[in-house]
Every structure is written in structure tokens, then in C-alpha cells.
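Asker: This structure is in C-alpha cells; I'll ask about it shortly.
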Amino acid sequence: EARPLVEEGLRGSREILGDRHPDTMASINIMASLLMKMGELQEARPLLEEGLRGRRETLGDRDPDTLALINNMAYLLMKMGELQEAKPLCEEGLRGRRETLGDRHSDTLSSINNMATLLTEMGELKEARPLYEEGLRVKRETLGDRHPNTLSSINNMAYLLMKMGELQEAKPLCEEGLRGRRETLGDRHPITLESIISMASLLKKMGELQEARLLSDDVMRVMKETLGDRHP
């Protein structure tokens with residue numbers, strides 16, 4: 001329902017204000033973001049490219065709005081599977097935010113996570129590890145151990161270690177992440193269930209089959225109670 005209204009607003013801004021007016025570029029970004037949420041990635045791409053080009057020309061490469069669009073463009077390319085195209089944008093966005101905001105700003109931490117996620121998807125696990133470690137360390141220091149963003153970073157770090165085959169190192173992180181999500185979200189929250197599944201998968205890989213089975217049974221029981229026996 002929102003799409004025709006946003007399209008009309010963008011069209012009006014182009015006609016009245018021109019393509020490089022700040023309000024028009026804001027409308028371009030809104031339209032692109034809406035299309036991304038709708039899963040219309042191919043339609044969103046040229047709008048993000050236009051918006052980023054306009055921001056670079058009018059605001060420069062280090063303006064916060066430009067860096068935000070660089071991040072959005074990289075995220076879109078990652079979603080599309082265009083990892084090689086996304087990498088230089090991720091690198092530029094992270095470098096720009098470190099220089100302008102510092103290493104501990106929330107936007108910088110977001111870029112660190114995006115860079116680490118991209119490297120993980122590209123199979124560059126050793127390169128991803130110090131970024132995940134940095135992000136987790138800073139979040140513990142600035143947000144605390146039980147903040148949702150910290151728990152997400154704990155989960156990401158554990159996942160990377162599992163992919164690297166470092167199961168003994170991954171285990172205490174999986175345990176901490178699961179414990180934190182049980183305490184903050186409860187046993188039946190979908191994110192908690194994801195952590196239980198990850199813990200069970202790790203235990204299975206470590207040969208601790210009985211413990212893994214108990215966790216898997218917990219997940220199945222909760223899903224039956226909340227979704228019913230006939231849910232797929």
C-alpha cells in the first residue's frame with residue numbers, strides 16, 4: 001500500500017526540485033529501502049546506485065549520509081550474492097566510519113559486523129575473525145554482556161569458530177549466548193530457540209550426542225506447544 005504513495009512522492013520531487021535536491025535524494029533512499037523490504041532487490045539497485053552517486057557528488061565521500069548509503073549498497077549486493085562487488089564498498093564504508101566516527105561508535109560497529117559477515121560468506125574466515133573479535137570486545141565494554149547486540153555478536157563469533165573447526169573455543173560462547181538469551185528473552189522466544197539449535201549442532205559435532213538430543217527435544221517440545229502438531 002505504501003509503494004504507490006512513495007513512488008508519487010519521488011516523482012513529484014524529481015519534477016519540482018530536480019534529481020540532486022536533498023529532498024529528492026531522501027525520497028530515492030526511502031523508495032529503495034521500501035523495495036528492499038519487499039524483496040525487490042533488482043528494482044532497488046539502480047535507485048541506491050543513483051542515490052549514492054548523488055550523495056558523493058553533493059556531500060562528499062565522508063559525509064554520514066554518504067557512508068550510510070555505501071553501507072546500504074554493500075548490504076544490497078550481499079543479499080544479491082554479488083560478494084566481490086560488495087567487498088570494496090564494505091571496506092570503504094568501514095574505513096570512512098573509523099575515520100569520522102571512531103572505532104567504538106555504533107555505526108562503526110555495524111560496519112565492522114557487515115565486513116566480517118561478508119568475509120565469512122566469501123570463505124575468508126581468518127580475515128573475518130579479528131573483526132568479529134573487535135566488535136564483540138567493544139560491545140561488551142560499551143553495552144554490557146546481556147545487550148541484544150552483544151548477544152548477537154557472541155553468536156556470530158561462535159558460528160565463525162564452528163566454521164573454522166575450533167569447536168572447543170566455540171562451546172563457551174555458544175553456552176554464554178544461549179544463557180543470555182534465556183535470561184533476557186525467555187525459553188520460548190524464536191531467537192532463543194535458534195541459539196538452542198546452534199548449541200545442539202555444536203554438541204553433535206563434538207560427539208556429545210546425548211546432550212545434543214536433549215536440546216533438540218527441548219526445541220521440538222516448545223515448537224509443538226506454540227505452533228501445534230500440524231505446523232510444517
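Please note that chains go A, B, ... in the order of the C-alpha cells, that every chain numbers its residues from 1, and that ligands are numbered from 1 in the order shown.
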Would you please extract all helix (DSSP H, G or I) residues from region 74-232 of chain A, as assigned by DSSP on the backbone, and give them as a ChimeraX atom specification?

Answerer: /A:74-79,83-101,106-121,125-143,148-163,167-185,190-205,209-227

Asker: Near region 202-208 of chain A, within 12 Å and counting only C-alpha atoms, which residues show up once chain neighbours fewer than 3 positions away are dropped, as an NGL selection string?

Answerer: :A and (158-163 or 165-175 or 195-199 or 211-216)

Asker: Would you write out, as a Markdown table, a table of all residues in region 73-164 of chain A that have an atom no more than 10 Å from an atom of region 179-185 of chain A, listing for each the closest atom pair and the distance in Å to one decimal, considering only C-alpha atoms and ordering rows by chain and rising residue number?

Answerer:
| residue | atom | partner | partner_atom | distance |
| --- | --- | --- | --- | --- |
| A:Asp145 | CA | A:Gly180 | CA | 8.0 |
| A:Arg146 | CA | A:Gly180 | CA | 5.9 |
| A:His147 | CA | A:Thr184 | CA | 8.6 |
| A:Pro148 | CA | A:Arg181 | CA | 8.2 |
| A:Thr150 | CA | A:Gly180 | CA | 9.7 |
| A:Leu151 | CA | A:Gly180 | CA | 6.9 |
| A:Ser152 | CA | A:Arg181 | CA | 9.6 |
| A:Ile154 | CA | A:Gly180 | CA | 9.8 |

Asker: Given only C-alpha atoms as the basis, pick out the residue of A:Arg140, A:Arg97, A:Arg104, A:Lys87 nearest to Arg62 (chain A).

Answerer: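 Smallest separation from Arg62 (chain A) among the options: A:Arg97.
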
Asker: For the contact check between region 9-72 of chain A and region 108-118 of chain A, emit one row per residue of region 9-72 of chain A within 12 Å, containing the shortest atom pair and the distance in Å rounded to one decimal, counting only C-alpha atoms, chain then rising number order, as a tab-separated table.

Answerer:
residue	atom	partner	partner_atom	distance
A:Pro64	CA	A:Thr108	CA	11.0
A:Leu67	CA	A:Ser111	CA	9.8
A:Ala68	CA	A:Ser111	CA	9.6
A:Leu69	CA	A:Ser111	CA	11.8
A:Ile70	CA	A:Ser111	CA	10.1
A:Asn71	CA	A:Ser111	CA	7.2
A:Asn72	CA	A:Ser111	CA	10.2

Asker: Check which residues of region 30-104 of chain A sit at most 8 Å from region 7-21 of chain A using only C-alpha atoms, and return one row each with the closest pair of atoms and their distance in Å to one decimal, ordered by chain and rising number, as CSV.

Answerer:
residue,atom,partner,partner_atom,distance
A:Met31,CA,A:Glu7,CA,7.0
A:Gly54,CA,A:Arg20,CA,6.1
A:Thr58,CA,A:Arg20,CA,7.6

Asker: Keeping only N, CA, C and O atoms, take the residues you just selected and write them out as an mmCIF file, in the first residue's frame.

Answerer:
data_model
loop_
_atom_site.group_PDB
_atom_site.id
_atom_site.type_symbol
_atom_site.label_atom_id
_atom_site.label_comp_id
_atom_site.auth_asym_id
_atom_site.auth_seq_id
_atom_site.Cartn_x
_atom_site.Cartn_y
_atom_site.Cartn_z
ATOM 1 N N MET A 31 12.458 5.078 -1.215
ATOM 2 C CA MET A 31 11.920 4.158 -2.210
ATOM 3 C C MET A 31 12.774 2.901 -2.293
ATOM 4 O O MET A 31 12.253 1.771 -2.343
ATOM 5 N N GLY A 54 24.613 10.540 -6.196
ATOM 6 C CA GLY A 54 24.212 11.903 -5.860
ATOM 7 C C GLY A 54 24.809 12.388 -4.551
ATOM 8 O O GLY A 54 25.249 13.535 -4.428
ATOM 9 N N THR A 58 27.302 15.631 -4.091
ATOM 10 C CA THR A 58 26.831 16.814 -3.368
ATOM 11 C C THR A 58 27.382 16.922 -1.951
ATOM 12 O O THR A 58 27.527 18.030 -1.424
#

Asker: When you count only C-alpha atoms, which of these residues is closest to Arg129 (chain A): A:Asp23, A:Leu178, A:Ala32, A:Met157?

Answerer: A:Met157

Asker: Quick check, in Å to one decimal: how far apart do CA of Gly60 (chain A) and CA of Arg95 (chain A) lie?

Answerer: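 CA of Arg95 (chain A) lies 14.5 Å from CA of Gly60 (chain A).
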
Asker: What is the distance, in Å and to one decimal place, between CA of Leu5 (chain A) and CA of Leu35 (chain A)?

Answerer: 12.9 Å

Asker: Given the choices A:Leu209, A:Met220, A:Ala2, A:Met73, which gets closest to Asn29 (chain A) if the distance is worked out from only C-alpha atoms?

Answerer: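 Answer, going by the shortest atom-to-atom distance: A:Met73.
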